[in-house]
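Colleague: My structure is below; once you've seen it, I'll send some questions.
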Amino acid sequence: MTACGSSDTEEAPVPARNRAEVFSPSVTKVVFEMAYAPGAEPWMGGFGGAERGFLLMERNALRLFNDSNKTLEIPSSVDQMARLDDVTKTDFTTQDLLDIAVKHRTQISAGNTAAYYFIWVNGYYSKDGQRNNAVLGVSVGDSGVIAVFKPALQDNLDTLVGPIDSPADKLALAINSRLIEQMVMLHELGHAVGLVNDGLPMSAKHQDDGHGHHCSNPNCLMYWMNSRFNSVRQFVTTHITSDASSVFDDACLADAAAFGT
Ligand SMILES: [Zn+2]
Ligand SMILES: [Zn+2]
């Protein structure tokens, strides 16, 4: 397992297809199906705190898909996501996440469509019987299943918000928390599509050899530390100035662009 919780491929189910296939010109539609356990709803809203869905994520996903002819279907509000009332556990192995997908997922990758299944669970990542509360998100092998561990995010925010008195500072943190969550989703999406050198070949070497399938550039979202709360929070503060801000560096974007041509 890599630092951020991209799971070992041996835990993955039989792949529907190679994860980099999403960049193929034959794929014209990318679907982000989303679902949440009660109490783990995503924090929606873009820059400025308005109800603007996952605009930052949407733009960066399209950037990754090289602004090609692909259309992206992504929910713009929680109403457009499935509520999973039967998902009540507080610790989740990758197999638990796959089991949820088997039961509830409605979109799969086939033909001209690539599908990803984002689930927000009200619990923590667990492996070998051990809870790991530092893992904010995980991408499960070639399944296209991406999970966000909401309490892991919330615990970090609670620690930050506790000492804050100023309403303006509290609001700023709330906005940042939405962006941090989208960064977690995007980082794991990066793994799900084969970054770095994990199914998607590198155009030029930029893999951080000491840290699994991550990018060597600290200013790229695929840098290994940018899946940890404090680092990704710093990344948001430093790099996100609007919903149009770019989070993948040129090296990662070049890998995606090269596969698509
Ligand atoms: Zn990672
Ligand atoms: Zn990169």
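We name chains A, B, ... following the order of the structure tokens; residues begin at 1 in each chain, and ligands are numbered from 1 as shown.
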Compile a residue-level contact table for chain A against ligand 1 at a cut-off of 12 Å, reporting for every qualifying residue the shortest atom pair and its distance in Å to one decimal, with only C-alpha atoms and all ligand atoms counted, rows ordered by chain and ascending number, as a tab-separated table.

Modeller:
```
residue	atom	partner	partner_atom_place_in_ligand_line	distance
A:Met1	CA	ligand 1	1 (Zn)	9.6
A:Thr2	CA	ligand 1	1 (Zn)	6.5
A:Ala3	CA	ligand 1	1 (Zn)	6.1
A:Cys4	CA	ligand 1	1 (Zn)	4.3
A:Gly5	CA	ligand 1	1 (Zn)	6.5
A:Ser6	CA	ligand 1	1 (Zn)	6.0
A:Ser7	CA	ligand 1	1 (Zn)	9.6
A:Asp8	CA	ligand 1	1 (Zn)	11.9
A:Val135	CA	ligand 1	1 (Zn)	9.9
A:Leu136	CA	ligand 1	1 (Zn)	10.3
A:Gly137	CA	ligand 1	1 (Zn)	8.8
A:Val138	CA	ligand 1	1 (Zn)	8.1
A:Ser139	CA	ligand 1	1 (Zn)	8.6
A:Val140	CA	ligand 1	1 (Zn)	11.5
A:Ile146	CA	ligand 1	1 (Zn)	11.9
A:Met183	CA	ligand 1	1 (Zn)	11.0
A:Val184	CA	ligand 1	1 (Zn)	9.0
A:Met185	CA	ligand 1	1 (Zn)	10.5
A:Leu186	CA	ligand 1	1 (Zn)	9.9
A:His187	CA	ligand 1	1 (Zn)	6.1
A:Glu188	CA	ligand 1	1 (Zn)	6.3
A:Leu189	CA	ligand 1	1 (Zn)	9.3
A:Gly190	CA	ligand 1	1 (Zn)	8.0
A:His191	CA	ligand 1	1 (Zn)	6.6
A:Ala192	CA	ligand 1	1 (Zn)	9.9
A:Val193	CA	ligand 1	1 (Zn)	11.9
A:Gly194	CA	ligand 1	1 (Zn)	10.9
A:Leu195	CA	ligand 1	1 (Zn)	8.9
A:Val196	CA	ligand 1	1 (Zn)	9.0
A:Asp198	CA	ligand 1	1 (Zn)	11.1
A:Gln207	CA	ligand 1	1 (Zn)	11.7
A:Asp208	CA	ligand 1	1 (Zn)	11.1
A:His211	CA	ligand 1	1 (Zn)	8.8
A:Gly212	CA	ligand 1	1 (Zn)	8.1
A:His213	CA	ligand 1	1 (Zn)	6.9
A:His214	CA	ligand 1	1 (Zn)	6.0
A:Cys215	CA	ligand 1	1 (Zn)	9.0
A:Ser216	CA	ligand 1	1 (Zn)	11.8
A:Cys220	CA	ligand 1	1 (Zn)	11.3
A:Leu221	CA	ligand 1	1 (Zn)	8.8
A:Met222	CA	ligand 1	1 (Zn)	6.2
A:Tyr223	CA	ligand 1	1 (Zn)	7.3
A:Trp224	CA	ligand 1	1 (Zn)	5.4
A:Met225	CA	ligand 1	1 (Zn)	7.8
A:Asn226	CA	ligand 1	1 (Zn)	7.4
A:Ser227	CA	ligand 1	1 (Zn)	5.8
A:Arg228	CA	ligand 1	1 (Zn)	9.0
A:Val232	CA	ligand 1	1 (Zn)	11.3
```

Colleague: Generate a file of the selected residues that holds N, CA and C atoms, formatted as a tab-separated table (two decimals), in the first residue's frame.

Modeller:
```tsv
chain	number	residue	atom	x	y	z
A	1	MET	N	0.84	-1.18	0.00
A	1	MET	CA	0.00	0.00	0.00
A	1	MET	C	0.88	1.24	0.00
A	2	THR	N	0.52	2.20	-0.78
A	2	THR	CA	1.28	3.44	-0.83
A	2	THR	C	0.84	4.35	0.30
A	3	ALA	N	1.57	5.43	0.46
A	3	ALA	CA	1.40	6.26	1.65
A	3	ALA	C	-0.02	6.77	1.85
A	4	CYS	N	-0.70	7.05	0.75
A	4	CYS	CA	-1.99	7.69	0.91
A	4	CYS	C	-3.12	6.69	0.98
A	5	GLY	N	-2.85	5.44	0.73
A	5	GLY	CA	-3.93	4.49	0.82
A	5	GLY	C	-4.44	4.02	-0.52
A	6	SER	N	-3.65	4.23	-1.57
A	6	SER	CA	-3.98	3.58	-2.83
A	6	SER	C	-3.68	2.10	-2.62
A	7	SER	N	-4.63	1.26	-2.81
A	7	SER	CA	-4.47	-0.11	-2.33
A	7	SER	C	-3.60	-0.95	-3.24
A	8	ASP	N	-3.06	-2.00	-2.69
A	8	ASP	CA	-2.28	-2.95	-3.48
A	8	ASP	C	-3.17	-3.55	-4.55
A	135	VAL	N	-5.44	8.01	7.07
A	135	VAL	CA	-5.85	7.84	5.67
A	135	VAL	C	-7.16	8.59	5.45
A	136	LEU	N	-7.11	9.58	4.57
A	136	LEU	CA	-8.30	10.40	4.28
A	136	LEU	C	-9.12	9.80	3.15
A	137	GLY	N	-8.43	9.16	2.20
A	137	GLY	CA	-9.12	8.58	1.06
A	137	GLY	C	-8.35	7.41	0.52
A	138	VAL	N	-9.01	6.61	-0.30
A	138	VAL	CA	-8.35	5.46	-0.90
A	138	VAL	C	-8.93	5.22	-2.29
A	139	SER	N	-8.05	4.75	-3.17
A	139	SER	CA	-8.49	4.30	-4.50
A	139	SER	C	-8.25	2.81	-4.55
A	140	VAL	N	-9.27	2.03	-4.82
A	140	VAL	CA	-9.15	0.58	-4.71
A	140	VAL	C	-8.78	-0.05	-6.05
A	146	ILE	N	-13.49	4.78	-5.23
A	146	ILE	CA	-12.73	5.75	-4.45
A	146	ILE	C	-13.54	6.07	-3.20
A	183	MET	N	-9.56	17.92	-2.94
A	183	MET	CA	-8.18	17.51	-3.21
A	183	MET	C	-7.97	16.03	-2.89
A	184	VAL	N	-8.60	15.57	-1.80
A	184	VAL	CA	-8.52	14.15	-1.46
A	184	VAL	C	-9.12	13.31	-2.59
A	185	MET	N	-10.29	13.74	-3.07
A	185	MET	CA	-10.95	13.01	-4.17
A	185	MET	C	-10.08	13.02	-5.43
A	186	LEU	N	-9.51	14.16	-5.74
A	186	LEU	CA	-8.71	14.28	-6.96
A	186	LEU	C	-7.41	13.48	-6.87
A	187	HIS	N	-6.77	13.51	-5.71
A	187	HIS	CA	-5.54	12.74	-5.53
A	187	HIS	C	-5.83	11.26	-5.76
A	188	GLU	N	-6.91	10.78	-5.17
A	188	GLU	CA	-7.26	9.36	-5.34
A	188	GLU	C	-7.70	9.08	-6.77
A	189	LEU	N	-8.38	10.03	-7.40
A	189	LEU	CA	-8.72	9.86	-8.82
A	189	LEU	C	-7.43	9.71	-9.64
A	190	GLY	N	-6.42	10.51	-9.29
A	190	GLY	CA	-5.14	10.39	-9.98
A	190	GLY	C	-4.62	8.97	-9.93
A	191	HIS	N	-4.70	8.34	-8.76
A	191	HIS	CA	-4.29	6.93	-8.66
A	191	HIS	C	-5.20	6.03	-9.49
A	192	ALA	N	-6.48	6.31	-9.46
A	192	ALA	CA	-7.45	5.46	-10.16
A	192	ALA	C	-7.24	5.48	-11.68
A	193	VAL	N	-6.63	6.55	-12.20
A	193	VAL	CA	-6.40	6.63	-13.64
A	193	VAL	C	-4.95	6.28	-14.01
A	194	GLY	N	-4.18	5.82	-13.00
A	194	GLY	CA	-2.86	5.27	-13.32
A	194	GLY	C	-1.66	6.13	-13.01
A	195	LEU	N	-1.87	7.28	-12.35
A	195	LEU	CA	-0.73	8.10	-11.92
A	195	LEU	C	-0.14	7.53	-10.63
A	196	VAL	N	1.15	7.65	-10.38
A	196	VAL	CA	2.21	8.00	-11.33
A	196	VAL	C	2.92	6.71	-11.73
A	198	ASP	N	1.65	3.97	-12.79
A	198	ASP	CA	0.89	2.87	-12.19
A	198	ASP	C	-0.22	2.44	-13.15
A	207	GLN	N	8.45	10.09	-11.25
A	207	GLN	CA	7.98	9.27	-10.13
A	207	GLN	C	8.94	9.44	-8.95
A	208	ASP	N	8.37	9.62	-7.78
A	208	ASP	CA	9.16	9.73	-6.55
A	208	ASP	C	9.47	8.31	-6.08
A	211	HIS	N	8.50	6.77	-2.72
A	211	HIS	CA	7.13	6.87	-2.20
A	211	HIS	C	6.08	6.35	-3.16
A	212	GLY	N	6.31	5.16	-3.65
A	212	GLY	CA	5.28	4.50	-4.45
A	212	GLY	C	4.95	5.25	-5.71
A	213	HIS	N	3.67	5.30	-6.01
A	213	HIS	CA	3.23	5.88	-7.29
A	213	HIS	C	2.82	7.33	-7.11
A	214	HIS	N	3.82	8.12	-6.71
A	214	HIS	CA	3.58	9.55	-6.50
A	214	HIS	C	4.56	10.37	-7.33
A	215	CYS	N	4.21	11.65	-7.47
A	215	CYS	CA	4.99	12.58	-8.30
A	215	CYS	C	6.10	13.21	-7.47
A	216	SER	N	7.22	13.45	-8.10
A	216	SER	CA	8.37	14.01	-7.37
A	216	SER	C	8.23	15.51	-7.11
A	220	CYS	N	2.78	19.52	-7.00
A	220	CYS	CA	1.76	18.73	-7.71
A	220	CYS	C	0.90	18.01	-6.69
A	221	LEU	N	-0.39	17.91	-6.96
A	221	LEU	CA	-1.28	17.21	-6.02
A	221	LEU	C	-0.88	15.75	-5.84
A	222	MET	N	-0.18	15.17	-6.82
A	222	MET	CA	0.20	13.76	-6.73
A	222	MET	C	1.49	13.54	-5.95
A	223	TYR	N	2.03	14.61	-5.35
A	223	TYR	CA	3.16	14.45	-4.43
A	223	TYR	C	2.66	13.64	-3.23
A	224	TRP	N	3.53	12.76	-2.69
A	224	TRP	CA	3.04	11.78	-1.70
A	224	TRP	C	2.45	12.44	-0.46
A	225	MET	N	3.05	13.55	-0.02
A	225	MET	CA	2.54	14.17	1.21
A	225	MET	C	1.18	14.84	1.01
A	226	ASN	N	0.82	15.06	-0.25
A	226	ASN	CA	-0.42	15.78	-0.51
A	226	ASN	C	-1.67	14.93	-0.39
A	227	SER	N	-1.53	13.81	0.31
A	227	SER	CA	-2.72	13.06	0.70
A	227	SER	C	-2.89	13.11	2.22
A	228	ARG	N	-1.95	13.74	2.92
A	228	ARG	CA	-2.04	13.89	4.38
A	228	ARG	C	-2.69	15.23	4.71
A	232	VAL	N	-2.06	18.68	2.65
A	232	VAL	CA	-3.06	19.04	1.64
A	232	VAL	C	-3.72	20.37	2.03
```

Colleague: From stretch 25-217 of chain A, collect each residue whose DSSP state is strand (DSSP E or B) and return the set as a VMD selection string.

Modeller: chain A and resid 29 to 36 71 to 73 82 to 83 91 to 92 110 113 to 121 124 to 127 130 to 132 137 to 140 145 to 149 207 215

Colleague: Would you please extract all helix (DSSP H, G or I) residues from stretch 3-194 of chain A, as assigned by DSSP on the backbone, and give them as an MDAnalysis selection string?

Modeller: chainID A and resid 9:11 19:23 47:49 55:64 78:80 94:104 150:161 167:192

Colleague: Okay, now the selection with C-alpha atoms, as a PDB file, in the first residue's frame?

Modeller:
```
ATOM      1  CA  THR A   9      -3.354  -4.396  -6.760  1.00  0.00           C
ATOM      2  CA  GLU A  10      -3.545  -7.861  -5.234  1.00  0.00           C
ATOM      3  CA  GLU A  11      -6.546  -6.660  -3.288  1.00  0.00           C
ATOM      4  CA  ARG A  19      -7.012   2.082 -15.583  1.00  0.00           C
ATOM      5  CA  ALA A  20      -5.342   4.339 -18.159  1.00  0.00           C
ATOM      6  CA  GLU A  21      -7.963   3.405 -20.758  1.00  0.00           C
ATOM      7  CA  VAL A  22      -9.986   6.389 -19.609  1.00  0.00           C
ATOM      8  CA  PHE A  23      -7.566   8.517 -21.649  1.00  0.00           C
ATOM      9  CA  PHE A  47     -14.612  28.954  -3.871  1.00  0.00           C
ATOM     10  CA  GLY A  48     -16.357  31.620  -1.834  1.00  0.00           C
ATOM     11  CA  GLY A  49     -18.570  29.059  -0.170  1.00  0.00           C
ATOM     12  CA  LEU A  55     -16.302  22.916  -9.648  1.00  0.00           C
ATOM     13  CA  LEU A  56     -12.617  22.846  -8.716  1.00  0.00           C
ATOM     14  CA  MET A  57     -12.581  19.075  -9.009  1.00  0.00           C
ATOM     15  CA  GLU A  58     -14.562  19.116 -12.239  1.00  0.00           C
ATOM     16  CA  ARG A  59     -12.186  21.538 -13.936  1.00  0.00           C
ATOM     17  CA  ASN A  60      -9.123  19.622 -12.847  1.00  0.00           C
ATOM     18  CA  ALA A  61     -10.577  16.288 -13.884  1.00  0.00           C
ATOM     19  CA  LEU A  62     -11.257  17.748 -17.337  1.00  0.00           C
ATOM     20  CA  ARG A  63      -7.723  19.138 -17.418  1.00  0.00           C
ATOM     21  CA  LEU A  64      -6.459  15.641 -16.712  1.00  0.00           C
ATOM     22  CA  VAL A  78     -25.978  16.057  -2.552  1.00  0.00           C
ATOM     23  CA  ASP A  79     -29.515  15.471  -3.886  1.00  0.00           C
ATOM     24  CA  GLN A  80     -27.934  13.838  -6.924  1.00  0.00           C
ATOM     25  CA  THR A  94     -10.858  -2.319   0.877  1.00  0.00           C
ATOM     26  CA  GLN A  95     -13.029  -5.424   0.634  1.00  0.00           C
ATOM     27  CA  ASP A  96     -15.769  -3.689   2.624  1.00  0.00           C
ATOM     28  CA  LEU A  97     -15.636  -0.815   0.130  1.00  0.00           C
ATOM     29  CA  LEU A  98     -15.842  -3.188  -2.817  1.00  0.00           C
ATOM     30  CA  ASP A  99     -18.802  -4.923  -1.182  1.00  0.00           C
ATOM     31  CA  ILE A 100     -20.616  -1.582  -0.968  1.00  0.00           C
ATOM     32  CA  ALA A 101     -19.907  -1.004  -4.649  1.00  0.00           C
ATOM     33  CA  VAL A 102     -21.193  -4.444  -5.618  1.00  0.00           C
ATOM     34  CA  LYS A 103     -24.420  -3.753  -3.786  1.00  0.00           C
ATOM     35  CA  HIS A 104     -25.049  -0.131  -4.715  1.00  0.00           C
ATOM     36  CA  LYS A 150     -15.163  11.483   6.498  1.00  0.00           C
ATOM     37  CA  PRO A 151     -14.350  11.176  10.211  1.00  0.00           C
ATOM     38  CA  ALA A 152     -10.618  11.269   9.390  1.00  0.00           C
ATOM     39  CA  LEU A 153     -11.187  14.654   7.756  1.00  0.00           C
ATOM     40  CA  GLN A 154     -13.551  15.837  10.462  1.00  0.00           C
ATOM     41  CA  ASP A 155     -11.149  14.943  13.305  1.00  0.00           C
ATOM     42  CA  ASN A 156      -8.466  17.157  11.793  1.00  0.00           C
ATOM     43  CA  LEU A 157     -10.904  20.012  11.265  1.00  0.00           C
ATOM     44  CA  ASP A 158     -12.238  19.766  14.798  1.00  0.00           C
ATOM     45  CA  THR A 159      -8.691  20.115  16.087  1.00  0.00           C
ATOM     46  CA  LEU A 160      -8.226  23.246  13.995  1.00  0.00           C
ATOM     47  CA  VAL A 161     -11.574  24.888  14.618  1.00  0.00           C
ATOM     48  CA  PRO A 167     -16.267  34.024  12.613  1.00  0.00           C
ATOM     49  CA  ALA A 168     -14.303  35.105   9.531  1.00  0.00           C
ATOM     50  CA  ASP A 169     -11.551  32.625  10.327  1.00  0.00           C
ATOM     51  CA  LYS A 170     -14.125  29.908  10.923  1.00  0.00           C
ATOM     52  CA  LEU A 171     -15.703  30.647   7.550  1.00  0.00           C
ATOM     53  CA  ALA A 172     -12.314  30.552   5.853  1.00  0.00           C
ATOM     54  CA  LEU A 173     -11.655  27.156   7.377  1.00  0.00           C
ATOM     55  CA  ALA A 174     -15.063  25.900   6.250  1.00  0.00           C
ATOM     56  CA  ILE A 175     -14.298  26.950   2.683  1.00  0.00           C
ATOM     57  CA  ASN A 176     -10.889  25.350   2.892  1.00  0.00           C
ATOM     58  CA  SER A 177     -12.428  22.138   4.196  1.00  0.00           C
ATOM     59  CA  ARG A 178     -14.509  21.798   1.027  1.00  0.00           C
ATOM     60  CA  LEU A 179     -11.441  22.326  -1.087  1.00  0.00           C
ATOM     61  CA  ILE A 180      -9.388  19.910   0.994  1.00  0.00           C
ATOM     62  CA  GLU A 181     -12.055  17.249   0.456  1.00  0.00           C
ATOM     63  CA  GLN A 182     -11.975  17.821  -3.296  1.00  0.00           C
ATOM     64  CA  MET A 183      -8.177  17.511  -3.207  1.00  0.00           C
ATOM     65  CA  VAL A 184      -8.521  14.155  -1.459  1.00  0.00           C
ATOM     66  CA  MET A 185     -10.947  13.014  -4.167  1.00  0.00           C
ATOM     67  CA  LEU A 186      -8.709  14.283  -6.962  1.00  0.00           C
ATOM     68  CA  HIS A 187      -5.540  12.742  -5.531  1.00  0.00           C
ATOM     69  CA  GLU A 188      -7.257   9.363  -5.339  1.00  0.00           C
ATOM     70  CA  LEU A 189      -8.718   9.858  -8.816  1.00  0.00           C
ATOM     71  CA  GLY A 190      -5.140  10.392  -9.975  1.00  0.00           C
ATOM     72  CA  HIS A 191      -4.287   6.933  -8.658  1.00  0.00           C
ATOM     73  CA  ALA A 192      -7.448   5.462 -10.164  1.00  0.00           C
TER      74      ALA A 192
END
```

Colleague: Give me, as a list of chain:residue names, all polymer residues having an atom no more than 9 Å from A:Thr71, counting only C-alpha atoms and skipping those fewer than 6 positions away in the same chain.

Modeller: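 Listed by chain and then number, they are A:Thr28, A:Lys29, A:Val30, A:Val31, A:Leu62.
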
Colleague: With distances taken over only C-alpha atoms and all ligand atoms, which of A:His239, A:Arg233, A:Lys70, A:Lys205 is nearest to ligand 2?

Modeller: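 When distances to ligand 2 are compared using only C-alpha atoms and all ligand atoms, the smallest one comes from A:Lys205.
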
Colleague: Show me, as a PyMOL selection string, the residues that have an atom within 12 Å of A:Glu41 when counting only C-alpha atoms, minus same-chain residues fewer than 2 positions from it.

Modeller: chain A and resi 34-39+43-44+77-85+118-122+148-151+153-154+178+181

Colleague: In Å, how far is it from atom CA of A:Ala110 to atom CA of A:Gly144?

Modeller: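 Here the two named atoms are 12.1 Å from each other.
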
Colleague: Of the residues A:Ser245, A:Gly162, A:Thr237, A:His206, which is the one nearest to ligand 2, using only C-alpha atoms and all ligand atoms?

Modeller: A:His206

Colleague: Using only C-alpha atoms, pick whichever of A:Ala258, A:Val247, A:Val236, A:Ala40 has the shortest atom-to-atom distance to A:Pro25.

Modeller: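 Looking only at the distances to A:Pro25, the closest residue turns out to be A:Ala258.
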
Colleague: Closest to A:Thr90 among A:Ile240, A:Ala251, A:Tyr125, A:Pro218, using only C-alpha atoms?

Modeller: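 For A:Thr90, the nearest of the given residues is A:Tyr125.
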
Colleague: Report, in Å with one decimal, the straight-line distance from atom CA of A:Asp91 to atom CA of A:Arg131.

Modeller: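 These two atoms are separated by 6.8 Å.
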